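A.B. asks: I'd like to ask you about the structure that follows.
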Amino acid sequence: MSDMEWVLKGRCYKLGHDVPHAGSVVPNSIITGRYFDAKDIIPHLFEETDPGFHQRCKTGDIIVAGRNFGMGPKMNGYIAMQALGLGLICESMPFLGYRAAIGCGLRVMSDCVNVLEFCDTGDELEVDFRNGFFINHTRDIRREYPPIPDSLLELVELGGNAGWLKQWWAQQQAVESGSTKHA
Amino acid sequence: MTAVEKILARTSGLKQTRAGEIVYPVPDFVMIHDGVVTGAKQELDALSITRLFDPDRVMMVTDHDVLYNNDRAVARGAFNRKAAQAWGVKNFFDAGRGGHGHIFPTERGFVSPGTFYFDNDRHCTNAGGIGALAIRVGTDIARVLATGTTWTTVPRTVKLTIKGQLQPGVYARDLGFVIGKALLPDGAFGVDIDYRILEFAGELDQFSLAARVSLCSTPTEMRAIGVFFPPSEAIVAYARERAQRPFTPVYPDRDARYDAQVELDVSTLAPQVALPGGPYKAADLSSVAGTRVDHAFIGSCASSMYEDLTIAAGVLKGRRLASGVRMLVVPGSEDSTNRMRRDGLLDIFQDAGAMILPAGCGPCASGRSGMVHSGEVSISTAVGNGAGRFGAKDASLYLGSPATVAASAITGKITDPREFVIKEAAL
């Protein structure tokens, strides 16, 4: 796990509570149209609530949300966030949404209690997703939150389920070709 | 440990597990439904993964779209048949062969007390009716099909103790709506049910297997990852008669740790409906009695076991639908349809003027059959009634028990089933 950057430093984009995936994170048409390719989704990320977001955001920027982020298990927006190199922290999100975000390889921390109180849009943030640190350099605030569990780090590092499966399959084939030679 | 912690410990090869731990349970089998086979197959094909972890432990089910009402659906059916062949999946229950994937596997003994399986679809929570556990993994199903497992966080459990007995004419479905309402974030239970198990306790002998399966539905719509009923002796005996593999019933320990414990007295509950918008919008039926009905539907994974069909038939027997009402009956399994024929239930439904659809999800799966038009009013046993679930977004979709739906179809307006059920019991 050498190449993965677990500490992101960037600008804060602050959202509120109960932000729905459909209609806020991405337009509903992205979900019903079953778009799962990052290049198709990126132009529409936060399109309806923050036009131009995808052009303004930079790798390392951090989306900070309140309770019940995403409001369901949809994953399309997380694909775009991961591809843009963004991180996500929130006060809570439905577990199946968290599962989907991890499955997309997104650096994400949920259960960050009261985090909305500790930042505003534009603040310079530093978040360590492996060790669970949140630092707001603009306001000189430091908090500890639950990090990505150790057992899920590899899945995130490999870019999510597709990358993980690719590596798993390569390992299986290596083992099998090895055992064939021995036989 | 809670019952679910025990099931996940067994399947993860651990002596014990605790809520919050990440485990990699090895399922007794894996279920994939018709709508997601294409995505999973393409995902695996792209990585040149052409074999499944164990084809004999994979079940493919055609239930969401049985009738192929458009070109896309018929193409998907053809793709799925080729996929089953390529993967070597023998437990492939294609259209007309099994029925609803959340119903017939229990009836046929694939799901027994203590069984654990992964499923792509969230209403696999029905497994809890017989005391089993199924966990919904969504699009992670491709990883499960290839490797046999995936990461799973052991869920916390909320214990719900039932007090009192339901009155005649009041059914599990009525209770389910009330439980759904109480599980709202600001609801009477005051609990967080997201990714929790709702474990039932208390006076459970009044609930048959079909009633327990019904009670699994609404909590799932409220984001529970599972529901669990400790299996009664009668249910264990039922399971033994049909089990496809050995099983051991699982019960919670006395000192199990719960996220929360709540109680509900059901003894004064009157028949309910769920108002249009969601199955948690429970209201006394009396508050909407008399509302005109155009469309009635009995079925879905919430209410399509044989007993549900029997309850509806009991109300319809010897009667006819009101003029202007069309009624669809969708049994949960082809076995149930056959039994309805043998027992005379098909005669009752057809004499009443109802239409019988092949076993499966029916209209409930995104309205692929039997839809409603703008401005129409439907009453059904569907799992959900969000706007547009089966047809026009401005139709009014009410939910009720099978008895309520049948009674309402007879009168052409939302009707308390006790007007039929209790009078007949007295005869």
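If you're wondering about the labels, chains in the structure tokens are A, B, ... by order shown, residues count from 1 in each chain, ligands from 1 in order shown.
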Can I get the residues of chain B within 8 Å of chain A, each with the closest pair of atoms and their distance in Å to one decimal, using only C-alpha atoms, sorted chain first then ascending number, as a Markdown table?
C.D. replies:
```
| residue | atom | partner | partner_atom | distance |
| --- | --- | --- | --- | --- |
| B:Ile22 | CA | A:Ser151 | CA | 7.6 |
| B:Glu43 | CA | A:Ala162 | CA | 7.7 |
| B:Leu47 | CA | A:Lys166 | CA | 6.1 |
| B:Ile49 | CA | A:Trp169 | CA | 7.1 |
| B:Asp140 | CA | A:Asn161 | CA | 7.2 |
| B:Arg143 | CA | A:Leu165 | CA | 6.6 |
| B:Asp194 | CA | A:Pro94 | CA | 6.2 |
| B:Tyr195 | CA | A:Phe95 | CA | 5.9 |
```
A.B. asks: Atoms to include: N, CA and C atoms. Write the selected residues as a PDB file, in the first residue's frame.
C.D. replies:
```pdb
ATOM      1  N   ILE B  22     -15.844  -6.467  11.179  1.00  0.00           N
ATOM      2  CA  ILE B  22     -15.896  -6.806   9.757  1.00  0.00           C
ATOM      3  C   ILE B  22     -15.514  -8.281   9.602  1.00  0.00           C
ATOM      4  N   GLU B  43     -19.286  -7.510 -15.716  1.00  0.00           N
ATOM      5  CA  GLU B  43     -18.188  -7.096 -14.829  1.00  0.00           C
ATOM      6  C   GLU B  43     -17.140  -8.213 -14.722  1.00  0.00           C
ATOM      7  N   LEU B  47     -13.018  -8.908 -16.677  1.00  0.00           N
ATOM      8  CA  LEU B  47     -11.790  -9.304 -15.984  1.00  0.00           C
ATOM      9  C   LEU B  47     -11.367 -10.731 -16.374  1.00  0.00           C
ATOM     10  N   ILE B  49     -12.941 -13.356 -15.778  1.00  0.00           N
ATOM     11  CA  ILE B  49     -13.325 -14.334 -14.746  1.00  0.00           C
ATOM     12  C   ILE B  49     -14.546 -15.079 -15.276  1.00  0.00           C
ATOM     13  N   ASP B 140     -22.004  -5.552  -5.228  1.00  0.00           N
ATOM     14  CA  ASP B 140     -20.898  -6.418  -4.779  1.00  0.00           C
ATOM     15  C   ASP B 140     -21.168  -7.887  -5.108  1.00  0.00           C
ATOM     16  N   ARG B 143     -18.450  -9.798  -6.959  1.00  0.00           N
ATOM     17  CA  ARG B 143     -17.329 -10.278  -6.140  1.00  0.00           C
ATOM     18  C   ARG B 143     -17.722 -11.560  -5.402  1.00  0.00           C
ATOM     19  N   ASP B 194     -31.094   1.935  10.651  1.00  0.00           N
ATOM     20  CA  ASP B 194     -30.210   1.808   9.479  1.00  0.00           C
ATOM     21  C   ASP B 194     -29.180   0.699   9.700  1.00  0.00           C
ATOM     22  N   TYR B 195     -29.166  -0.266   8.794  1.00  0.00           N
ATOM     23  CA  TYR B 195     -28.249  -1.407   8.844  1.00  0.00           C
ATOM     24  C   TYR B 195     -28.322  -2.156  10.182  1.00  0.00           C
TER      25      TYR B 195
END
```
A.B. asks: Can you tell me which residues surround range 276-281 of chain B at a distance of at most 9 Å, considering only C-alpha atoms, apart from same-chain residues fewer than 5 positions away, and format the answer as a VMD selection string?
C.D. replies: chain B and resid 176 to 184 218 to 219 221 to 222 382 to 387 395 to 399
A.B. asks: List every residue of chain A that DSSP, applied to the backbone of this structure, assigns to helix (DSSP H, G or I), and report them as a ChimeraX atom specification.
C.D. replies: /A:28-32,38-44,53-56,76-83,95-103,115-118,150-157,161-182
A.B. asks: As number ranges by chain, please: every residue in range 112-267 of chain B that a backbone DSSP assignment puts in strand (DSSP E or B).
C.D. replies: B: 116-119, 133-136, 152-153, 156-163, 196-202, 226-228, 260-265
A.B. asks: Considering only C-alpha atoms, return as number ranges by chain whatever protein or nucleic-acid residues lie within 10 Å of Glu107 in chain B, sequence-local ones (same chain, fewer than 2 positions apart) excluded.
C.D. replies: B: 102-105, 109-112, 238-239, 242-243, 305-306, 332-333, 335-336
A.B. asks: Need the shell around range 42-51 of chain A: protein/DNA/RNA residues with any atom at most 8 Å away, counting only C-alpha atoms. Skip same-chain ones fewer than 2 positions apart. Format as an mmCIF file with N, CA and C atoms, in the first residue's frame?
C.D. replies:
```cif
data_model
loop_
_atom_site.group_PDB
_atom_site.id
_atom_site.type_symbol
_atom_site.label_atom_id
_atom_site.label_comp_id
_atom_site.auth_asym_id
_atom_site.auth_seq_id
_atom_site.Cartn_x
_atom_site.Cartn_y
_atom_site.Cartn_z
ATOM 1 N N GLY A 23 -30.721 14.065 -7.270
ATOM 2 C CA GLY A 23 -31.218 15.435 -7.239
ATOM 3 C C GLY A 23 -30.279 16.408 -6.551
ATOM 4 N N SER A 24 -29.300 15.905 -5.779
ATOM 5 C CA SER A 24 -28.328 16.812 -5.167
ATOM 6 C C SER A 24 -26.902 16.397 -5.530
ATOM 7 N N VAL A 25 -26.535 15.166 -5.182
ATOM 8 C CA VAL A 25 -25.186 14.715 -5.524
ATOM 9 C C VAL A 25 -25.062 14.607 -7.046
ATOM 10 N N VAL A 26 -26.028 13.957 -7.642
ATOM 11 C CA VAL A 26 -26.111 13.918 -9.114
ATOM 12 C C VAL A 26 -27.582 14.073 -9.496
ATOM 13 N N PRO A 27 -27.863 14.533 -10.737
ATOM 14 C CA PRO A 27 -29.268 14.595 -11.165
ATOM 15 C C PRO A 27 -29.877 13.198 -11.189
ATOM 16 N N ALA A 38 -17.151 7.051 -14.894
ATOM 17 C CA ALA A 38 -16.808 8.331 -14.258
ATOM 18 C C ALA A 38 -16.896 9.498 -15.240
ATOM 19 N N LYS A 39 -16.434 9.296 -16.463
ATOM 20 C CA LYS A 39 -16.412 10.431 -17.408
ATOM 21 C C LYS A 39 -17.823 10.903 -17.748
ATOM 22 N N ASP A 40 -18.794 10.003 -17.678
ATOM 23 C CA ASP A 40 -20.183 10.401 -17.935
ATOM 24 C C ASP A 40 -20.790 11.133 -16.737
ATOM 25 N N PHE A 53 -19.204 22.843 -10.264
ATOM 26 C CA PHE A 53 -18.394 22.228 -9.209
ATOM 27 C C PHE A 53 -17.234 21.424 -9.791
ATOM 28 N N HIS A 54 -17.536 20.619 -10.794
ATOM 29 C CA HIS A 54 -16.516 19.691 -11.305
ATOM 30 C C HIS A 54 -15.333 20.441 -11.923
ATOM 31 N N GLY A 77 -22.574 9.019 -7.740
ATOM 32 C CA GLY A 77 -21.788 10.197 -7.392
ATOM 33 C C GLY A 77 -20.432 9.832 -6.810
ATOM 34 N N ALA A 80 -17.745 9.390 -9.395
ATOM 35 C CA ALA A 80 -17.182 10.652 -9.885
ATOM 36 C C ALA A 80 -16.231 11.258 -8.857
ATOM 37 N N MET A 81 -16.621 11.234 -7.570
ATOM 38 C CA MET A 81 -15.761 11.799 -6.516
ATOM 39 C C MET A 81 -14.415 11.080 -6.490
ATOM 40 N N LEU A 84 -12.215 12.053 -9.396
ATOM 41 C CA LEU A 84 -11.706 13.419 -9.271
ATOM 42 C C LEU A 84 -10.677 13.554 -8.150
#
```
A.B. asks: To one decimal in Å, tell me the separation between CA of Ala95 in chain B and CA of Pro358 in chain B.
C.D. replies: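 Taking CA of Ala95 in chain B as the start and CA of Pro358 in chain B as the end point, the length is 8.4 Å.
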A.B. asks: Counting only C-alpha atoms, what is within 10 Å of Tyr258 in chain B, bar same-chain residues fewer than 4 positions away, as a ChimeraX atom specification?
C.D. replies: /B:1-2,19,156-159,197,199
A.B. asks: Go ahead and save the residues from that selection, with C-alpha atoms, as an mmCIF file, in the first residue's frame.
C.D. replies:
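Now in part_1.cif:
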```cif
data_model
loop_
_atom_site.group_PDB
_atom_site.id
_atom_site.type_symbol
_atom_site.label_atom_id
_atom_site.label_comp_id
_atom_site.auth_asym_id
_atom_site.auth_seq_id
_atom_site.Cartn_x
_atom_site.Cartn_y
_atom_site.Cartn_z
ATOM 1 C CA MET B 1 -24.541 -13.130 21.086
ATOM 2 C CA THR B 2 -27.636 -12.167 19.154
ATOM 3 C CA ALA B 19 -21.726 -5.945 16.139
ATOM 4 C CA ARG B 156 -26.327 -4.240 15.479
ATOM 5 C CA THR B 157 -29.676 -5.614 16.610
ATOM 6 C CA VAL B 158 -32.802 -3.864 17.863
ATOM 7 C CA LYS B 159 -35.073 -6.146 19.887
ATOM 8 C CA ILE B 197 -31.412 -6.264 12.502
ATOM 9 C CA GLU B 199 -35.246 -9.116 16.140
#
```
